[in-house]
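Novice: Take a look at this one; I'll ask things after.
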Amino acid sequence: MAIEVVTFDLDNTLWDVEPALKRAEEAQRAWLLQHRPGTIEHHDHASLWEFKKDVFRRHPELAHHVSHFRLQTLKELQRLAGYSEAEAESGAKGAFAEFLIERQRVDLYAEALEVLQQLAGRYKLGALTNGNADIYKTDAAEYFDFAFLAEDVGASKPAPDMFHAALDLTGAKPGNVAHVGDNPEHDIAGAKSVGFHTVWMNQAGIEWPGGEPADRKIANLRELPAALESLAAG
Ligand SMILES: [Mg+2]
């Protein structure tokens, strides 16, 4: 069965997300220290994590909206520090803007551009992310035909919504699509449930956690073109 469309997870599939997240958190913190003093000084990583978990418990509706969730957390932190509703609103926007600049300044894996260029000549390429990365802000932008974010679609992988959005947009049948991602549940189980072919990107070299395995697995994007060829060969 011919592969016509290849959909990609982004974080930890086309780049290592940790350095970008770390820079982003630092940029957000620096903004708060300067513009909303008293908000974050007494928090460390662990206490912020607890705070976020509490926000999450009270706002389950934000589960698929990572950006709104972060804005809500930032707002509540400032309210607790004594800032007014209006100050907290504008402060959340200000700090989040700083976060997002660094969050989207990702370093693609060294081989990614060459591989994506090669694939773009053969397949339609799409991005499906649960996060707030933007493929169109990276050097790989020109190779992508479409991109969906969970927060735009209203549901995160492994829910079928983003996969279905890719089918609707391309007009492809599930059997003509391969999804590539690092997360066994979100990417592999999710894509399998809608009938996509699956390629597990395991750059980190972890053990498969169990459950139905991906159709192919790769440890480096360089292996992807051959993996896609072999899927089409059956
Ligand atoms: Mg990922």
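FYI, nothing fancy with the structure tokens labels: chains A, B, ... in order, residues from 1 per chain, ligands from 1 as they appear.
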Kindly assemble as a Markdown table a list of the segment 80-185 of chain A residues that lie within 9 Å of segment 210-229 of chain A, each paired with its nearest atom pair and their distance in Å to one decimal, using only C-alpha atoms, sorted first by chain and then by ascending residue number.
Specialist:
| residue | atom | partner | partner_atom | distance |
| --- | --- | --- | --- | --- |
| A:Tyr109 | CA | A:Leu221 | CA | 8.3 |
| A:Glu111 | CA | A:Arg222 | CA | 6.6 |
| A:Ala112 | CA | A:Leu221 | CA | 6.4 |
| A:Glu114 | CA | A:Arg222 | CA | 8.7 |
| A:Val115 | CA | A:Arg222 | CA | 6.4 |
| A:Leu116 | CA | A:Leu221 | CA | 8.9 |
| A:Gln118 | CA | A:Pro225 | CA | 8.1 |
| A:Leu119 | CA | A:Pro225 | CA | 6.9 |
| A:Ala178 | CA | A:Leu228 | CA | 7.7 |
| A:Val180 | CA | A:Leu224 | CA | 8.8 |
| A:Pro184 | CA | A:Ala214 | CA | 8.1 |
| A:Glu185 | CA | A:Gly211 | CA | 8.9 |
Novice: Neighbours of Ala133 of chain A within 8 Å (only C-alpha atoms; same-chain residues fewer than 5 positions away dropped), as an MDAnalysis selection string?
Specialist: chainID A and resid 10:11 103:104
Novice: Filtering to C-alpha atoms, could you give me those residues as a PDB file, in the first residue's frame?
Specialist:
ATOM      1  CA  LEU A  10       7.647  17.343  16.834  1.00  0.00           C
ATOM      2  CA  ASP A  11       9.200  17.374  20.345  1.00  0.00           C
ATOM      3  CA  ARG A 103      10.116  27.468  23.369  1.00  0.00           C
ATOM      4  CA  GLN A 104       9.924  27.806  19.609  1.00  0.00           C
TER       5      GLN A 104
END
Novice: Please extract the residues at most 10 Å from ligand 1, counting only C-alpha atoms and all ligand atoms, and provide them as an mmCIF file with all heavy atoms, in the first residue's frame, using the chain letters and residue numbers of this document.
Specialist:
data_model
loop_
_atom_site.group_PDB
_atom_site.id
_atom_site.type_symbol
_atom_site.label_atom_id
_atom_site.label_comp_id
_atom_site.auth_asym_id
_atom_site.auth_seq_id
_atom_site.Cartn_x
_atom_site.Cartn_y
_atom_site.Cartn_z
ATOM 1 N N PHE A 8 4.283 13.892 11.437
ATOM 2 C CA PHE A 8 5.360 13.884 12.430
ATOM 3 C C PHE A 8 4.888 14.473 13.753
ATOM 4 O O PHE A 8 4.293 15.553 13.783
ATOM 5 C CB PHE A 8 6.534 14.753 11.961
ATOM 6 C CG PHE A 8 7.356 14.146 10.868
ATOM 7 C CD1 PHE A 8 6.995 14.336 9.543
ATOM 8 C CD2 PHE A 8 8.480 13.386 11.154
ATOM 9 C CE1 PHE A 8 7.749 13.778 8.520
ATOM 10 C CE2 PHE A 8 9.237 12.830 10.144
ATOM 11 C CZ PHE A 8 8.873 13.024 8.818
ATOM 12 N N ASP A 9 5.214 13.776 14.815
ATOM 13 C CA ASP A 9 5.284 14.424 16.116
ATOM 14 C C ASP A 9 6.477 15.395 16.050
ATOM 15 O O ASP A 9 7.350 15.229 15.190
ATOM 16 C CB ASP A 9 5.498 13.355 17.192
ATOM 17 C CG ASP A 9 5.821 13.961 18.532
ATOM 18 O OD1 ASP A 9 5.002 14.758 19.024
ATOM 19 O OD2 ASP A 9 6.901 13.657 19.082
ATOM 20 N N LEU A 10 6.541 16.371 16.911
ATOM 21 C CA LEU A 10 7.647 17.343 16.834
ATOM 22 C C LEU A 10 8.668 17.148 17.966
ATOM 23 O O LEU A 10 9.802 16.725 17.725
ATOM 24 C CB LEU A 10 7.091 18.775 16.846
ATOM 25 C CG LEU A 10 6.208 19.130 15.632
ATOM 26 C CD1 LEU A 10 5.696 20.572 15.753
ATOM 27 C CD2 LEU A 10 6.963 18.941 14.332
ATOM 28 N N ASP A 11 8.250 17.436 19.222
ATOM 29 C CA ASP A 11 9.200 17.374 20.345
ATOM 30 C C ASP A 11 9.764 15.967 20.523
ATOM 31 O O ASP A 11 9.014 14.992 20.641
ATOM 32 C CB ASP A 11 8.505 17.790 21.649
ATOM 33 C CG ASP A 11 8.069 19.256 21.619
ATOM 34 O OD1 ASP A 11 8.739 20.063 20.957
ATOM 35 O OD2 ASP A 11 7.064 19.579 22.283
ATOM 36 N N ASN A 12 11.062 15.875 20.549
ATOM 37 C CA ASN A 12 11.785 14.604 20.710
ATOM 38 C C ASN A 12 11.604 13.645 19.537
ATOM 39 O O ASN A 12 11.968 12.476 19.618
ATOM 40 C CB ASN A 12 11.434 13.908 22.025
ATOM 41 C CG ASN A 12 11.867 14.727 23.227
ATOM 42 O OD1 ASN A 12 12.770 15.565 23.120
ATOM 43 N ND2 ASN A 12 11.230 14.519 24.357
ATOM 44 N N THR A 13 11.054 14.190 18.440
ATOM 45 C CA THR A 13 11.009 13.426 17.194
ATOM 46 C C THR A 13 11.850 14.139 16.136
ATOM 47 O O THR A 13 12.657 13.514 15.455
ATOM 48 C CB THR A 13 9.554 13.242 16.707
ATOM 49 O OG1 THR A 13 8.865 12.435 17.668
ATOM 50 C CG2 THR A 13 9.501 12.566 15.351
ATOM 51 N N LEU A 14 11.679 15.467 16.029
ATOM 52 C CA LEU A 14 12.514 16.240 15.091
ATOM 53 C C LEU A 14 13.594 17.042 15.811
ATOM 54 O O LEU A 14 14.519 17.550 15.177
ATOM 55 C CB LEU A 14 11.637 17.185 14.264
ATOM 56 C CG LEU A 14 10.650 16.510 13.311
ATOM 57 C CD1 LEU A 14 9.907 17.562 12.489
ATOM 58 C CD2 LEU A 14 11.345 15.526 12.377
ATOM 59 N N TRP A 15 13.455 17.182 17.118
ATOM 60 C CA TRP A 15 14.463 17.883 17.923
ATOM 61 C C TRP A 15 14.340 17.439 19.374
ATOM 62 O O TRP A 15 13.297 16.901 19.777
ATOM 63 C CB TRP A 15 14.289 19.401 17.833
ATOM 64 C CG TRP A 15 12.899 19.872 18.168
ATOM 65 C CD1 TRP A 15 12.314 19.904 19.415
ATOM 66 C CD2 TRP A 15 11.901 20.367 17.257
ATOM 67 N NE1 TRP A 15 11.029 20.392 19.333
ATOM 68 C CE2 TRP A 15 10.743 20.678 18.023
ATOM 69 C CE3 TRP A 15 11.880 20.590 15.875
ATOM 70 C CZ2 TRP A 15 9.590 21.191 17.438
ATOM 71 C CZ3 TRP A 15 10.716 21.096 15.315
ATOM 72 C CH2 TRP A 15 9.598 21.397 16.084
ATOM 73 N N ASP A 16 15.374 17.691 20.116
ATOM 74 C CA ASP A 16 15.370 17.447 21.554
ATOM 75 C C ASP A 16 14.718 18.662 22.216
ATOM 76 O O ASP A 16 15.213 19.782 22.094
ATOM 77 C CB ASP A 16 16.830 17.279 22.013
ATOM 78 C CG ASP A 16 16.940 16.988 23.505
ATOM 79 O OD1 ASP A 16 15.893 16.880 24.174
ATOM 80 O OD2 ASP A 16 18.079 16.885 23.983
ATOM 81 N N VAL A 17 13.609 18.433 22.916
ATOM 82 C CA VAL A 17 12.841 19.573 23.423
ATOM 83 C C VAL A 17 13.407 20.154 24.717
ATOM 84 O O VAL A 17 13.185 21.323 25.043
ATOM 85 C CB VAL A 17 11.352 19.181 23.626
ATOM 86 C CG1 VAL A 17 11.169 18.257 24.817
ATOM 87 C CG2 VAL A 17 10.490 20.431 23.772
ATOM 88 N N LEU A 128 1.937 17.082 13.781
ATOM 89 C CA LEU A 128 0.836 16.898 14.744
ATOM 90 C C LEU A 128 1.430 16.943 16.140
ATOM 91 O O LEU A 128 2.086 15.996 16.563
ATOM 92 C CB LEU A 128 0.151 15.541 14.541
ATOM 93 C CG LEU A 128 -0.336 15.168 13.135
ATOM 94 C CD1 LEU A 128 -0.957 13.772 13.139
ATOM 95 C CD2 LEU A 128 -1.350 16.187 12.612
ATOM 96 N N THR A 129 1.212 18.034 16.861
ATOM 97 C CA THR A 129 1.867 18.161 18.168
ATOM 98 C C THR A 129 0.883 18.454 19.298
ATOM 99 O O THR A 129 -0.079 19.197 19.115
ATOM 100 C CB THR A 129 2.974 19.236 18.136
ATOM 101 O OG1 THR A 129 3.611 19.284 19.419
ATOM 102 C CG2 THR A 129 2.409 20.626 17.830
ATOM 103 N N ASN A 130 1.158 17.857 20.441
ATOM 104 C CA ASN A 130 0.414 18.174 21.663
ATOM 105 C C ASN A 130 0.956 19.436 22.322
ATOM 106 O O ASN A 130 0.336 19.980 23.232
ATOM 107 C CB ASN A 130 0.514 17.018 22.673
ATOM 108 C CG ASN A 130 -0.332 15.818 22.260
ATOM 109 O OD1 ASN A 130 -1.082 15.873 21.295
ATOM 110 N ND2 ASN A 130 -0.194 14.725 23.008
ATOM 111 N N GLY A 131 2.127 19.870 21.930
ATOM 112 C CA GLY A 131 2.789 21.005 22.574
ATOM 113 C C GLY A 131 2.517 22.312 21.850
ATOM 114 O O GLY A 131 1.625 22.395 20.991
ATOM 115 N N VAL A 180 5.058 9.314 12.497
ATOM 116 C CA VAL A 180 6.365 9.132 13.111
ATOM 117 C C VAL A 180 6.388 9.870 14.434
ATOM 118 O O VAL A 180 6.106 11.078 14.474
ATOM 119 C CB VAL A 180 7.489 9.710 12.202
ATOM 120 C CG1 VAL A 180 8.859 9.392 12.776
ATOM 121 C CG2 VAL A 180 7.351 9.206 10.765
ATOM 122 N N GLY A 181 6.694 9.180 15.531
ATOM 123 C CA GLY A 181 6.732 9.871 16.817
ATOM 124 C C GLY A 181 7.464 9.077 17.878
ATOM 125 O O GLY A 181 7.706 7.877 17.728
ATOM 126 N N ASP A 182 7.812 9.775 18.958
ATOM 127 C CA ASP A 182 8.616 9.131 20.011
ATOM 128 C C ASP A 182 7.761 8.564 21.141
ATOM 129 O O ASP A 182 8.239 7.749 21.923
ATOM 130 C CB ASP A 182 9.615 10.135 20.618
ATOM 131 C CG ASP A 182 8.914 11.186 21.469
ATOM 132 O OD1 ASP A 182 8.152 11.983 20.897
ATOM 133 O OD2 ASP A 182 9.105 11.188 22.703
ATOM 134 N N ASN A 183 6.510 9.021 21.271
ATOM 135 C CA ASN A 183 5.736 8.629 22.448
ATOM 136 C C ASN A 183 4.895 7.382 22.152
ATOM 137 O O ASN A 183 4.010 7.418 21.289
ATOM 138 C CB ASN A 183 4.841 9.793 22.893
ATOM 139 C CG ASN A 183 4.176 9.528 24.235
ATOM 140 O OD1 ASN A 183 3.320 8.647 24.336
ATOM 141 N ND2 ASN A 183 4.594 10.244 25.258
ATOM 142 N N PRO A 184 5.172 6.281 22.881
ATOM 143 C CA PRO A 184 4.473 5.026 22.582
ATOM 144 C C PRO A 184 2.956 5.152 22.643
ATOM 145 O O PRO A 184 2.252 4.579 21.814
ATOM 146 C CB PRO A 184 5.001 4.066 23.658
ATOM 147 C CG PRO A 184 6.361 4.588 23.979
ATOM 148 C CD PRO A 184 6.212 6.089 23.905
ATOM 149 N N HIS A 186 0.937 8.311 22.923
ATOM 150 C CA HIS A 186 0.376 9.412 22.128
ATOM 151 C C HIS A 186 0.538 9.167 20.637
ATOM 152 O O HIS A 186 -0.395 9.367 19.857
ATOM 153 C CB HIS A 186 1.061 10.733 22.488
ATOM 154 C CG HIS A 186 0.922 11.120 23.916
ATOM 155 N ND1 HIS A 186 1.699 12.079 24.512
ATOM 156 C CD2 HIS A 186 0.093 10.659 24.881
ATOM 157 C CE1 HIS A 186 1.362 12.206 25.783
ATOM 158 N NE2 HIS A 186 0.389 11.351 26.029
ATOM 159 N N ASP A 187 1.729 8.766 20.244
ATOM 160 C CA ASP A 187 2.024 8.657 18.812
ATOM 161 C C ASP A 187 1.704 7.280 18.238
ATOM 162 O O ASP A 187 1.015 7.187 17.224
ATOM 163 C CB ASP A 187 3.501 8.995 18.569
ATOM 164 C CG ASP A 187 3.796 10.452 18.889
ATOM 165 O OD1 ASP A 187 3.086 11.315 18.351
ATOM 166 O OD2 ASP A 187 4.709 10.721 19.693
ATOM 167 N N MET A 201 10.084 6.598 16.707
ATOM 168 C CA MET A 201 11.386 7.270 16.729
ATOM 169 C C MET A 201 11.937 7.149 18.144
ATOM 170 O O MET A 201 11.453 7.798 19.075
ATOM 171 C CB MET A 201 11.188 8.745 16.342
ATOM 172 C CG MET A 201 12.366 9.639 16.599
ATOM 173 S SD MET A 201 13.838 9.156 15.702
ATOM 174 C CE MET A 201 14.803 10.654 15.902
#
Novice: Please compute the atom CA of Asp145 of chain A-atom CA of His179 of chain A distance, one decimal, in Å.
Specialist: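 The value is 14.5 Å.
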Novice: Using only C-alpha atoms, can you tell me which of A:Val106, A:Ala95, A:Ile188, A:Ala88 comes closest to Ala159 of chain A?
Specialist: A:Ile188
Novice: Using Å and a single decimal, report how far atom CA of Ala191 of chain A sits from atom CA of Pro158 of chain A.
Specialist: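 Separation of atom CA of Pro158 of chain A and atom CA of Ala191 of chain A: 7.2 Å.
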Novice: Need the shell around segment 82-85 of chain A: protein/DNA/RNA residues with any atom at most 9 Å away, counting only C-alpha atoms. Skip same-chain ones fewer than 3 positions apart. Format as a list of chain:residue names?
Specialist: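 The filter keeps A:Arg36, A:Gly38, A:Thr39, A:Lys75, A:Gln78, A:Arg79, A:Ala88, A:Glu89, A:Ser90.
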Novice: Env of Pro160 of chain A: 9 Å cut, atoms = only C-alpha atoms, seq-sep filter 5 positions within chain, self excluded. Answer as a PDB file with N, CA, C and O atoms, in the first residue's frame.
Specialist:
ATOM      1  N   ALA A 155      -8.087  18.561  21.198  1.00  0.00           N
ATOM      2  CA  ALA A 155      -7.826  17.231  21.771  1.00  0.00           C
ATOM      3  C   ALA A 155      -6.386  16.851  21.480  1.00  0.00           C
ATOM      4  O   ALA A 155      -5.868  17.106  20.396  1.00  0.00           O
ATOM      5  N   ALA A 165      -7.902  15.088  11.428  1.00  0.00           N
ATOM      6  CA  ALA A 165      -7.714  16.399  10.778  1.00  0.00           C
ATOM      7  C   ALA A 165      -6.736  16.264   9.610  1.00  0.00           C
ATOM      8  O   ALA A 165      -6.928  16.869   8.546  1.00  0.00           O
ATOM      9  N   GLY A 190      -1.950   5.966  19.443  1.00  0.00           N
ATOM     10  CA  GLY A 190      -2.910   6.915  18.871  1.00  0.00           C
ATOM     11  C   GLY A 190      -3.050   6.747  17.366  1.00  0.00           C
ATOM     12  O   GLY A 190      -4.158   6.652  16.829  1.00  0.00           O
ATOM     13  N   ALA A 191      -1.923   6.691  16.660  1.00  0.00           N
ATOM     14  CA  ALA A 191      -1.963   6.578  15.196  1.00  0.00           C
ATOM     15  C   ALA A 191      -2.491   5.211  14.765  1.00  0.00           C
ATOM     16  O   ALA A 191      -3.220   5.096  13.779  1.00  0.00           O
ATOM     17  N   SER A 193      -4.688   3.463  16.312  1.00  0.00           N
ATOM     18  CA  SER A 193      -6.132   3.386  16.557  1.00  0.00           C
ATOM     19  C   SER A 193      -6.944   3.970  15.400  1.00  0.00           C
ATOM     20  O   SER A 193      -8.116   3.656  15.256  1.00  0.00           O
ATOM     21  N   VAL A 194      -6.324   4.827  14.576  1.00  0.00           N
ATOM     22  CA  VAL A 194      -7.048   5.363  13.418  1.00  0.00           C
ATOM     23  C   VAL A 194      -6.606   4.677  12.127  1.00  0.00           C
ATOM     24  O   VAL A 194      -7.027   5.066  11.034  1.00  0.00           O
TER      25      VAL A 194
END
Novice: Would you mind listing what lies within 12 Å of His64 of chain A as a list in words, with only C-alpha atoms counted and same-chain residues fewer than 5 positions away left out?
Specialist: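 My reading of the contact set: Phe56, His59, Phe69, Arg70, Thr129, Asn130, Gly131, Asn132, Leu149, Ala150, Glu151, Asp152, Val153, Gly154, Ala155, Ser156, Lys157, Pro158, Ala159, Asp161 and Met162 of chain A.
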Novice: Find the spatial neighbours of Ala2 of chain A, counting only C-alpha atoms, within a cut-off of 12 Å - ignore same-chain residues fewer than 2 positions away - and output them as a list in words.
Specialist: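 Answer for this query is Glu4, Val5, Val6, Arg122, Tyr123, Ala172, Lys173, Pro174, Gly175, Asn176, Val177, Ala178, His197, Leu228, Glu229, Ser230, Leu231, Ala232, Ala233 and Gly234 of chain A.
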Novice: Would you please give, as a PyMOL selection string, all residues of segment 56-133 of chain A that DSSP assigns to alpha helix (DSSP H) based on the backbone?
Specialist: chain A and resi 56-58+66-80+85-103+112-120
Novice: Kindly give the distance, in Å, that separates atom CA of Ala147 of chain A and atom CA of Phe163 of chain A, rounded to a single decimal.
Specialist: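 A separation of 10.9 Å between them.
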Novice: DSSP on the backbone, strand (DSSP E or B) only: what residues of chain A does that give? Format it as JSON, numbers by chain.
Specialist: {"A": [5, 6, 7, 8, 11, 15, 108, 124, 125, 126, 127, 128, 129, 146, 147, 148, 149, 177, 178, 179, 180, 181, 197, 198, 199, 200, 201, 216, 217, 218]}
Novice: Which residue is closest to Arg105 of chain A? Choose from A:Phe146, A:Lys137, A:His42, A:Phe51 and count only C-alpha atoms.
Specialist: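 Looking only at the distances to Arg105 of chain A, the closest residue turns out to be A:Lys137.
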